[in-house]
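**Student:** Just dropping this structure here.
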Amino acid sequence: MKYKILQLIVVTAMMICLFMPMFDIDGVEVTGFSGMFSRDILLFGNIIIIFIVLLTTIHFVYAIANLFMRNENQNYQNIMNGIVSLNSVFGLLLVTFTGLILGWLAIVFIALMIISSLIRYKFLT
């Protein structure tokens with residue numbers, strides 16, 4: 001149970017990071033959510049950000065629901081492992097393609113993604 005709560009705290013911190021300025025484009029700060037449709041970020045960067053926001057939101061909702069589940073279905077575990085893995089891959093792509101405009105908060109977000117993956121694979125499966 002303590003790892004489920006720790007996972008919820010980490011994913012909540014990830015969601016909070018999405019509302020804060022993650023990108024610095026020529027002095028203009030762009031949040032994670034506004035980065036989905038920003039004209040300053042290249043199209044491929046926008047697509048990556050859309051997938052990261054979508055997968056993080058699904059992970060957040062699942063982490064809340066997981067607190068109230070007594071026993072977790074194996075299908076749910078496999079789906080969540082896939083979502084966490086995809087989120088990590090898109091985090092790697094985010095650093096690769098938007099690395100020059102990432103702010104310090106985006107680096108914290110990536111670190112939280114790694115911590116979330118570690119908790120998921122080491123303690124919750």
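A note on labels: chains of the structure tokens are A, B, ... as shown, every chain counts residues from 1, and ligands are counted from 1 in their shown order.
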Pick out the residues sitting within 10 Å of A:Phe37, and hand them over as a ChimeraX atom specification; count only C-alpha atoms, and ignore anything fewer than 6 positions along from it in its own chain.

**Tutor:** /A:43,45-47,49-50

**Student:** Based on the selection just made, write C-alpha atoms of those residues as an mmCIF file, in the first residue's frame.

**Tutor:**
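again-v7.cif, written as the output of this step:
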```cif
data_model
loop_
_atom_site.group_PDB
_atom_site.id
_atom_site.type_symbol
_atom_site.label_atom_id
_atom_site.label_comp_id
_atom_site.auth_asym_id
_atom_site.auth_seq_id
_atom_site.Cartn_x
_atom_site.Cartn_y
_atom_site.Cartn_z
ATOM 1 C CA LEU A 43 5.226 19.598 -35.037
ATOM 2 C CA GLY A 45 7.611 18.033 -30.518
ATOM 3 C CA ASN A 46 3.919 18.878 -30.250
ATOM 4 C CA ILE A 47 2.980 15.276 -31.037
ATOM 5 C CA ILE A 49 3.999 16.385 -25.802
ATOM 6 C CA ILE A 50 0.422 15.337 -26.652
#
```

**Student:** Which residues are close to A:Tyr76, i.e. within 10 Å by only C-alpha atoms, leaving aside same-chain residues fewer than 4 positions away? Reply as an mmCIF file with C-alpha atoms, in the first residue's frame.

**Tutor:**
```cif
data_model
loop_
_atom_site.group_PDB
_atom_site.id
_atom_site.type_symbol
_atom_site.label_atom_id
_atom_site.label_comp_id
_atom_site.auth_asym_id
_atom_site.auth_seq_id
_atom_site.Cartn_x
_atom_site.Cartn_y
_atom_site.Cartn_z
ATOM 1 C CA TYR A 62 -5.153 4.683 -12.746
ATOM 2 C CA ASN A 66 -5.487 1.638 -7.830
ATOM 3 C CA GLU A 72 -5.353 -5.892 -9.235
ATOM 4 C CA MET A 80 -0.277 -0.062 -17.018
ATOM 5 C CA ASN A 81 3.183 -1.517 -17.605
ATOM 6 C CA GLY A 82 2.735 -0.711 -21.290
#
```

**Student:** Determine which residues of chain A receive a DSSP assignment of strand (DSSP E or B), computed from the backbone, and state them as a list in words.

**Tutor:**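 Residues of chain A classed as strand (DSSP E or B): Pro21, Met22, Phe23, Asp24, Ile25, Val28, Glu29, Val30, Thr31 and Leu102 of chain A.
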
**Student:** Output the selection as a compact mmCIF listing (two decimals), in the first residue's frame - N, CA and C atoms for each residue.

**Tutor:**
```txt
# COMPACT_ATOMS: atom_id res chain seq x y z
N PRO A 21 5.75 26.14 -16.29
CA PRO A 21 6.56 26.37 -17.50
C PRO A 21 7.70 25.36 -17.63
N MET A 22 7.61 24.53 -18.66
CA MET A 22 8.60 23.49 -18.88
C MET A 22 9.58 23.84 -20.01
N PHE A 23 9.17 24.70 -20.90
CA PHE A 23 9.97 25.03 -22.07
C PHE A 23 10.26 26.53 -22.08
N ASP A 24 11.46 26.88 -22.52
CA ASP A 24 11.85 28.28 -22.65
C ASP A 24 12.26 28.50 -24.11
N ILE A 25 11.37 29.16 -24.85
CA ILE A 25 11.58 29.38 -26.28
C ILE A 25 11.80 30.87 -26.50
N VAL A 28 10.22 33.11 -24.00
CA VAL A 28 8.80 32.83 -23.75
C VAL A 28 8.69 31.47 -23.08
N GLU A 29 8.06 31.45 -21.91
CA GLU A 29 7.92 30.20 -21.19
C GLU A 29 6.61 29.52 -21.60
N VAL A 30 6.69 28.23 -21.89
CA VAL A 30 5.55 27.45 -22.35
C VAL A 30 5.33 26.29 -21.38
N THR A 31 4.09 26.12 -20.93
CA THR A 31 3.77 25.03 -20.02
C THR A 31 3.63 23.73 -20.81
N LEU A 102 14.30 22.83 -23.36
CA LEU A 102 13.81 22.32 -22.09
C LEU A 102 14.28 23.20 -20.94
```

**Student:** Of the residues A:Ser88, A:Ser116, A:Ser38, A:Thr98, which is the one nearest to A:Gln7, using only C-alpha atoms?

**Tutor:**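 So, comparing all the options, the nearest one is A:Ser116.
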
**Student:** Which is closest to A:Gly35 among A:Leu94, A:Ile83, A:Val11, A:Ala63, if we use only C-alpha atoms?

**Tutor:** A:Leu94

**Student:** Using only C-alpha atoms for the distances, tell me which of A:Val84, A:Val53, A:Ile107, A:Val61 is nearest to A:Ile119.

**Tutor:** A:Val84

**Student:** I need the helix (DSSP H, G or I) residues of stretch 21-115 of chain A per DSSP on the backbone, written as a PDB file with N, CA and C atoms, in the first residue's frame.

**Tutor:**
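Final file, result.pdb:
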```
ATOM      1  N   SER A  34       0.144  23.857 -22.677  1.00  0.00           N
ATOM      2  CA  SER A  34       0.123  24.785 -23.809  1.00  0.00           C
ATOM      3  C   SER A  34       1.155  24.406 -24.866  1.00  0.00           C
ATOM      4  N   GLY A  35       2.127  23.575 -24.500  1.00  0.00           N
ATOM      5  CA  GLY A  35       3.116  23.105 -25.457  1.00  0.00           C
ATOM      6  C   GLY A  35       2.534  22.159 -26.491  1.00  0.00           C
ATOM      7  N   MET A  36       1.360  21.602 -26.191  1.00  0.00           N
ATOM      8  CA  MET A  36       0.727  20.698 -27.149  1.00  0.00           C
ATOM      9  C   MET A  36       0.333  21.424 -28.431  1.00  0.00           C
ATOM     10  N   LEU A  43       6.374  20.501 -35.027  1.00  0.00           N
ATOM     11  CA  LEU A  43       5.226  19.598 -35.037  1.00  0.00           C
ATOM     12  C   LEU A  43       5.521  18.278 -34.339  1.00  0.00           C
ATOM     13  N   PHE A  44       6.686  17.709 -34.562  1.00  0.00           N
ATOM     14  CA  PHE A  44       7.022  16.441 -33.930  1.00  0.00           C
ATOM     15  C   PHE A  44       7.093  16.610 -32.411  1.00  0.00           C
ATOM     16  N   GLY A  45       7.586  17.742 -31.951  1.00  0.00           N
ATOM     17  CA  GLY A  45       7.611  18.033 -30.518  1.00  0.00           C
ATOM     18  C   GLY A  45       6.215  18.148 -29.946  1.00  0.00           C
ATOM     19  N   ASN A  46       5.307  18.772 -30.697  1.00  0.00           N
ATOM     20  CA  ASN A  46       3.919  18.878 -30.250  1.00  0.00           C
ATOM     21  C   ASN A  46       3.282  17.493 -30.111  1.00  0.00           C
ATOM     22  N   ILE A  47       3.543  16.619 -31.075  1.00  0.00           N
ATOM     23  CA  ILE A  47       2.980  15.276 -31.037  1.00  0.00           C
ATOM     24  C   ILE A  47       3.514  14.508 -29.829  1.00  0.00           C
ATOM     25  N   ILE A  48       4.797  14.645 -29.560  1.00  0.00           N
ATOM     26  CA  ILE A  48       5.398  13.974 -28.394  1.00  0.00           C
ATOM     27  C   ILE A  48       4.767  14.494 -27.109  1.00  0.00           C
ATOM     28  N   ILE A  49       4.584  15.796 -27.008  1.00  0.00           N
ATOM     29  CA  ILE A  49       3.999  16.385 -25.802  1.00  0.00           C
ATOM     30  C   ILE A  49       2.553  15.927 -25.629  1.00  0.00           C
ATOM     31  N   ILE A  50       1.803  15.824 -26.733  1.00  0.00           N
ATOM     32  CA  ILE A  50       0.422  15.337 -26.652  1.00  0.00           C
ATOM     33  C   ILE A  50       0.392  13.925 -26.085  1.00  0.00           C
ATOM     34  N   PHE A  51       1.260  13.049 -26.579  1.00  0.00           N
ATOM     35  CA  PHE A  51       1.295  11.675 -26.066  1.00  0.00           C
ATOM     36  C   PHE A  51       1.718  11.638 -24.604  1.00  0.00           C
ATOM     37  N   ILE A  52       2.677  12.465 -24.208  1.00  0.00           N
ATOM     38  CA  ILE A  52       3.120  12.484 -22.812  1.00  0.00           C
ATOM     39  C   ILE A  52       1.996  12.950 -21.894  1.00  0.00           C
ATOM     40  N   VAL A  53       1.287  13.996 -22.285  1.00  0.00           N
ATOM     41  CA  VAL A  53       0.175  14.486 -21.466  1.00  0.00           C
ATOM     42  C   VAL A  53      -0.926  13.430 -21.376  1.00  0.00           C
ATOM     43  N   LEU A  54      -1.252  12.791 -22.481  1.00  0.00           N
ATOM     44  CA  LEU A  54      -2.292  11.763 -22.492  1.00  0.00           C
ATOM     45  C   LEU A  54      -1.909  10.569 -21.614  1.00  0.00           C
ATOM     46  N   LEU A  55      -0.698  10.063 -21.780  1.00  0.00           N
ATOM     47  CA  LEU A  55      -0.262   8.896 -21.008  1.00  0.00           C
ATOM     48  C   LEU A  55      -0.105   9.222 -19.524  1.00  0.00           C
ATOM     49  N   THR A  56       0.373  10.415 -19.208  1.00  0.00           N
ATOM     50  CA  THR A  56       0.508  10.810 -17.804  1.00  0.00           C
ATOM     51  C   THR A  56      -0.857  10.948 -17.149  1.00  0.00           C
ATOM     52  N   THR A  57      -1.833  11.472 -17.885  1.00  0.00           N
ATOM     53  CA  THR A  57      -3.186  11.602 -17.347  1.00  0.00           C
ATOM     54  C   THR A  57      -3.808  10.235 -17.102  1.00  0.00           C
ATOM     55  N   ILE A  58      -3.627   9.304 -18.032  1.00  0.00           N
ATOM     56  CA  ILE A  58      -4.134   7.935 -17.837  1.00  0.00           C
ATOM     57  C   ILE A  58      -3.457   7.294 -16.624  1.00  0.00           C
ATOM     58  N   HIS A  59      -2.165   7.490 -16.493  1.00  0.00           N
ATOM     59  CA  HIS A  59      -1.425   6.931 -15.357  1.00  0.00           C
ATOM     60  C   HIS A  59      -1.916   7.537 -14.039  1.00  0.00           C
ATOM     61  N   PHE A  60      -2.213   8.828 -14.045  1.00  0.00           N
ATOM     62  CA  PHE A  60      -2.708   9.517 -12.851  1.00  0.00           C
ATOM     63  C   PHE A  60      -4.075   8.963 -12.434  1.00  0.00           C
ATOM     64  N   VAL A  61      -4.969   8.816 -13.391  1.00  0.00           N
ATOM     65  CA  VAL A  61      -6.297   8.285 -13.090  1.00  0.00           C
ATOM     66  C   VAL A  61      -6.193   6.853 -12.572  1.00  0.00           C
ATOM     67  N   TYR A  62      -5.332   6.066 -13.191  1.00  0.00           N
ATOM     68  CA  TYR A  62      -5.153   4.683 -12.746  1.00  0.00           C
ATOM     69  C   TYR A  62      -4.539   4.631 -11.345  1.00  0.00           C
ATOM     70  N   ALA A  63      -3.603   5.517 -11.045  1.00  0.00           N
ATOM     71  CA  ALA A  63      -2.982   5.516  -9.711  1.00  0.00           C
ATOM     72  C   ALA A  63      -4.010   5.835  -8.635  1.00  0.00           C
ATOM     73  N   ILE A  64      -4.953   6.730  -8.948  1.00  0.00           N
ATOM     74  CA  ILE A  64      -6.029   7.030  -7.987  1.00  0.00           C
ATOM     75  C   ILE A  64      -6.943   5.820  -7.836  1.00  0.00           C
ATOM     76  N   ALA A  65      -7.326   5.223  -8.958  1.00  0.00           N
ATOM     77  CA  ALA A  65      -8.217   4.057  -8.901  1.00  0.00           C
ATOM     78  C   ALA A  65      -7.534   2.868  -8.235  1.00  0.00           C
ATOM     79  N   ASN A  66      -6.236   2.763  -8.387  1.00  0.00           N
ATOM     80  CA  ASN A  66      -5.487   1.638  -7.830  1.00  0.00           C
ATOM     81  C   ASN A  66      -5.480   1.655  -6.302  1.00  0.00           C
ATOM     82  N   LEU A  67      -5.647   2.837  -5.712  1.00  0.00           N
ATOM     83  CA  LEU A  67      -5.701   2.911  -4.250  1.00  0.00           C
ATOM     84  C   LEU A  67      -6.923   2.192  -3.696  1.00  0.00           C
ATOM     85  N   PHE A  68      -7.999   2.159  -4.476  1.00  0.00           N
ATOM     86  CA  PHE A  68      -9.244   1.586  -3.993  1.00  0.00           C
ATOM     87  C   PHE A  68      -9.458   0.137  -4.427  1.00  0.00           C
ATOM     88  N   GLN A  74      -4.615  -8.973 -13.672  1.00  0.00           N
ATOM     89  CA  GLN A  74      -3.367  -9.097 -14.431  1.00  0.00           C
ATOM     90  C   GLN A  74      -3.413  -8.280 -15.717  1.00  0.00           C
ATOM     91  N   ASN A  75      -4.582  -8.183 -16.350  1.00  0.00           N
ATOM     92  CA  ASN A  75      -4.707  -7.370 -17.569  1.00  0.00           C
ATOM     93  C   ASN A  75      -4.427  -5.898 -17.278  1.00  0.00           C
ATOM     94  N   TYR A  76      -4.933  -5.394 -16.147  1.00  0.00           N
ATOM     95  CA  TYR A  76      -4.674  -4.011 -15.775  1.00  0.00           C
ATOM     96  C   TYR A  76      -3.191  -3.770 -15.532  1.00  0.00           C
ATOM     97  N   GLN A  77      -2.544  -4.727 -14.890  1.00  0.00           N
ATOM     98  CA  GLN A  77      -1.104  -4.589 -14.652  1.00  0.00           C
ATOM     99  C   GLN A  77      -0.341  -4.531 -15.963  1.00  0.00           C
ATOM    100  N   ASN A  78      -0.689  -5.393 -16.909  1.00  0.00           N
ATOM    101  CA  ASN A  78      -0.004  -5.394 -18.204  1.00  0.00           C
ATOM    102  C   ASN A  78      -0.257  -4.104 -18.975  1.00  0.00           C
ATOM    103  N   ILE A  79      -1.483  -3.615 -18.936  1.00  0.00           N
ATOM    104  CA  ILE A  79      -1.801  -2.363 -19.632  1.00  0.00           C
ATOM    105  C   ILE A  79      -1.040  -1.206 -19.004  1.00  0.00           C
ATOM    106  N   MET A  80      -0.991  -1.157 -17.678  1.00  0.00           N
ATOM    107  CA  MET A  80      -0.277  -0.062 -17.018  1.00  0.00           C
ATOM    108  C   MET A  80       1.228  -0.158 -17.236  1.00  0.00           C
ATOM    109  N   ASN A  81       1.764  -1.367 -17.290  1.00  0.00           N
ATOM    110  CA  ASN A  81       3.183  -1.517 -17.605  1.00  0.00           C
ATOM    111  C   ASN A  81       3.471  -0.987 -19.000  1.00  0.00           C
ATOM    112  N   GLY A  82       2.578  -1.248 -19.939  1.00  0.00           N
ATOM    113  CA  GLY A  82       2.735  -0.711 -21.290  1.00  0.00           C
ATOM    114  C   GLY A  82       2.640   0.795 -21.329  1.00  0.00           C
ATOM    115  N   ILE A  83       1.705   1.371 -20.571  1.00  0.00           N
ATOM    116  CA  ILE A  83       1.550   2.830 -20.544  1.00  0.00           C
ATOM    117  C   ILE A  83       2.777   3.481 -19.922  1.00  0.00           C
ATOM    118  N   VAL A  84       3.287   2.918 -18.840  1.00  0.00           N
ATOM    119  CA  VAL A  84       4.480   3.480 -18.200  1.00  0.00           C
ATOM    120  C   VAL A  84       5.688   3.358 -19.132  1.00  0.00           C
ATOM    121  N   SER A  85       5.792   2.237 -19.841  1.00  0.00           N
ATOM    122  CA  SER A  85       6.895   2.064 -20.785  1.00  0.00           C
ATOM    123  C   SER A  85       6.802   3.055 -21.940  1.00  0.00           C
ATOM    124  N   LEU A  86       5.607   3.213 -22.495  1.00  0.00           N
ATOM    125  CA  LEU A  86       5.416   4.191 -23.578  1.00  0.00           C
ATOM    126  C   LEU A  86       5.719   5.611 -23.105  1.00  0.00           C
ATOM    127  N   ASN A  87       5.304   5.931 -21.891  1.00  0.00           N
ATOM    128  CA  ASN A  87       5.568   7.258 -21.348  1.00  0.00           C
ATOM    129  C   ASN A  87       7.075   7.487 -21.218  1.00  0.00           C
ATOM    130  N   SER A  88       7.806   6.463 -20.819  1.00  0.00           N
ATOM    131  CA  SER A  88       9.265   6.588 -20.715  1.00  0.00           C
ATOM    132  C   SER A  88       9.906   6.773 -22.087  1.00  0.00           C
ATOM    133  N   VAL A  89       9.408   6.058 -23.092  1.00  0.00           N
ATOM    134  CA  VAL A  89       9.932   6.206 -24.445  1.00  0.00           C
ATOM    135  C   VAL A  89       9.661   7.619 -24.973  1.00  0.00           C
ATOM    136  N   PHE A  90       8.452   8.119 -24.748  1.00  0.00           N
ATOM    137  CA  PHE A  90       8.146   9.475 -25.203  1.00  0.00           C
ATOM    138  C   PHE A  90       8.922  10.526 -24.404  1.00  0.00           C
ATOM    139  N   GLY A  91       9.249  10.236 -23.140  1.00  0.00           N
ATOM    140  CA  GLY A  91      10.120  11.129 -22.381  1.00  0.00           C
ATOM    141  C   GLY A  91      11.509  11.204 -22.979  1.00  0.00           C
ATOM    142  N   LEU A  92      12.011  10.062 -23.429  1.00  0.00           N
ATOM    143  CA  LEU A  92      13.312  10.024 -24.106  1.00  0.00           C
ATOM    144  C   LEU A  92      13.257  10.811 -25.419  1.00  0.00           C
ATOM    145  N   LEU A  93      12.182  10.643 -26.162  1.00  0.00           N
ATOM    146  CA  LEU A  93      12.016  11.409 -27.405  1.00  0.00           C
ATOM    147  C   LEU A  93      11.872  12.903 -27.135  1.00  0.00           C
ATOM    148  N   LEU A  94      11.230  13.249 -26.029  1.00  0.00           N
ATOM    149  CA  LEU A  94      11.088  14.659 -25.659  1.00  0.00           C
ATOM    150  C   LEU A  94      12.450  15.295 -25.433  1.00  0.00           C
ATOM    151  N   VAL A  95      13.302  14.596 -24.707  1.00  0.00           N
ATOM    152  CA  VAL A  95      14.647  15.118 -24.455  1.00  0.00           C
ATOM    153  C   VAL A  95      15.441  15.190 -25.757  1.00  0.00           C
ATOM    154  N   THR A  96      15.248  14.211 -26.621  1.00  0.00           N
ATOM    155  CA  THR A  96      16.001  14.172 -27.871  1.00  0.00           C
ATOM    156  C   THR A  96      15.613  15.304 -28.809  1.00  0.00           C
ATOM    157  N   PHE A  97      14.329  15.528 -28.992  1.00  0.00           N
ATOM    158  CA  PHE A  97      13.887  16.469 -30.013  1.00  0.00           C
ATOM    159  C   PHE A  97      13.633  17.884 -29.511  1.00  0.00           C
ATOM    160  N   THR A  98      13.446  18.066 -28.212  1.00  0.00           N
ATOM    161  CA  THR A  98      13.233  19.417 -27.685  1.00  0.00           C
ATOM    162  C   THR A  98      14.261  19.757 -26.614  1.00  0.00           C
ATOM    163  N   GLY A  99      15.404  19.115 -26.648  1.00  0.00           N
ATOM    164  CA  GLY A  99      16.409  19.272 -25.605  1.00  0.00           C
ATOM    165  C   GLY A  99      16.934  20.674 -25.434  1.00  0.00           C
ATOM    166  N   LEU A 100      17.025  21.426 -26.507  1.00  0.00           N
ATOM    167  CA  LEU A 100      17.585  22.779 -26.408  1.00  0.00           C
ATOM    168  C   LEU A 100      16.630  23.777 -25.782  1.00  0.00           C
ATOM    169  N   ILE A 101      15.340  23.480 -25.772  1.00  0.00           N
ATOM    170  CA  ILE A 101      14.376  24.432 -25.205  1.00  0.00           C
ATOM    171  C   ILE A 101      13.809  23.951 -23.878  1.00  0.00           C
ATOM    172  N   TRP A 104      14.435  23.711 -16.562  1.00  0.00           N
ATOM    173  CA  TRP A 104      14.822  22.841 -15.466  1.00  0.00           C
ATOM    174  C   TRP A 104      13.639  22.013 -14.970  1.00  0.00           C
ATOM    175  N   LEU A 105      12.426  22.549 -15.099  1.00  0.00           N
ATOM    176  CA  LEU A 105      11.248  21.823 -14.649  1.00  0.00           C
ATOM    177  C   LEU A 105      10.961  20.609 -15.540  1.00  0.00           C
ATOM    178  N   ALA A 106      11.289  20.702 -16.819  1.00  0.00           N
ATOM    179  CA  ALA A 106      11.130  19.558 -17.711  1.00  0.00           C
ATOM    180  C   ALA A 106      12.110  18.449 -17.339  1.00  0.00           C
ATOM    181  N   ILE A 107      13.289  18.825 -16.896  1.00  0.00           N
ATOM    182  CA  ILE A 107      14.263  17.822 -16.447  1.00  0.00           C
ATOM    183  C   ILE A 107      13.753  17.144 -15.175  1.00  0.00           C
ATOM    184  N   VAL A 108      13.128  17.907 -14.279  1.00  0.00           N
ATOM    185  CA  VAL A 108      12.515  17.333 -13.081  1.00  0.00           C
ATOM    186  C   VAL A 108      11.387  16.382 -13.485  1.00  0.00           C
ATOM    187  N   PHE A 109      10.602  16.781 -14.492  1.00  0.00           N
ATOM    188  CA  PHE A 109       9.518  15.936 -14.988  1.00  0.00           C
ATOM    189  C   PHE A 109      10.058  14.607 -15.521  1.00  0.00           C
ATOM    190  N   ILE A 110      11.131  14.651 -16.282  1.00  0.00           N
ATOM    191  CA  ILE A 110      11.744  13.433 -16.804  1.00  0.00           C
ATOM    192  C   ILE A 110      12.258  12.559 -15.659  1.00  0.00           C
ATOM    193  N   ALA A 111      12.849  13.188 -14.645  1.00  0.00           N
ATOM    194  CA  ALA A 111      13.326  12.423 -13.483  1.00  0.00           C
ATOM    195  C   ALA A 111      12.155  11.763 -12.753  1.00  0.00           C
ATOM    196  N   LEU A 112      11.030  12.476 -12.654  1.00  0.00           N
ATOM    197  CA  LEU A 112       9.847  11.882 -12.029  1.00  0.00           C
ATOM    198  C   LEU A 112       9.310  10.716 -12.859  1.00  0.00           C
ATOM    199  N   MET A 113       9.428  10.805 -14.175  1.00  0.00           N
ATOM    200  CA  MET A 113       9.014   9.696 -15.034  1.00  0.00           C
ATOM    201  C   MET A 113       9.871   8.459 -14.758  1.00  0.00           C
ATOM    202  N   ILE A 114      11.163   8.671 -14.578  1.00  0.00           N
ATOM    203  CA  ILE A 114      12.074   7.555 -14.294  1.00  0.00           C
ATOM    204  C   ILE A 114      11.763   6.959 -12.922  1.00  0.00           C
ATOM    205  N   ILE A 115      11.513   7.809 -11.936  1.00  0.00           N
ATOM    206  CA  ILE A 115      11.167   7.324 -10.596  1.00  0.00           C
ATOM    207  C   ILE A 115       9.852   6.554 -10.631  1.00  0.00           C
TER     208      ILE A 115
END
```

**Student:** Between atom CA of A:Thr125 and atom CA of A:Lys2, what is the spacing in Å?

**Tutor:**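 If I compute the distance from atom CA of A:Lys2 to atom CA of A:Thr125, I get 13.8 Å.
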
**Student:** Counting only C-alpha atoms, figure out which residue out of A:Gly32, A:Leu118, A:Asn73, A:Asp40 gets nearest to A:Ile16.

**Tutor:**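 Among the listed residues, A:Gly32 lies closest to A:Ile16.
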
**Student:** One decimal, Å: what's the distance from atom CA of A:Leu124 over to atom CA of A:Met1, could you say?

**Tutor:**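 These atoms are spaced 9.3 Å apart.
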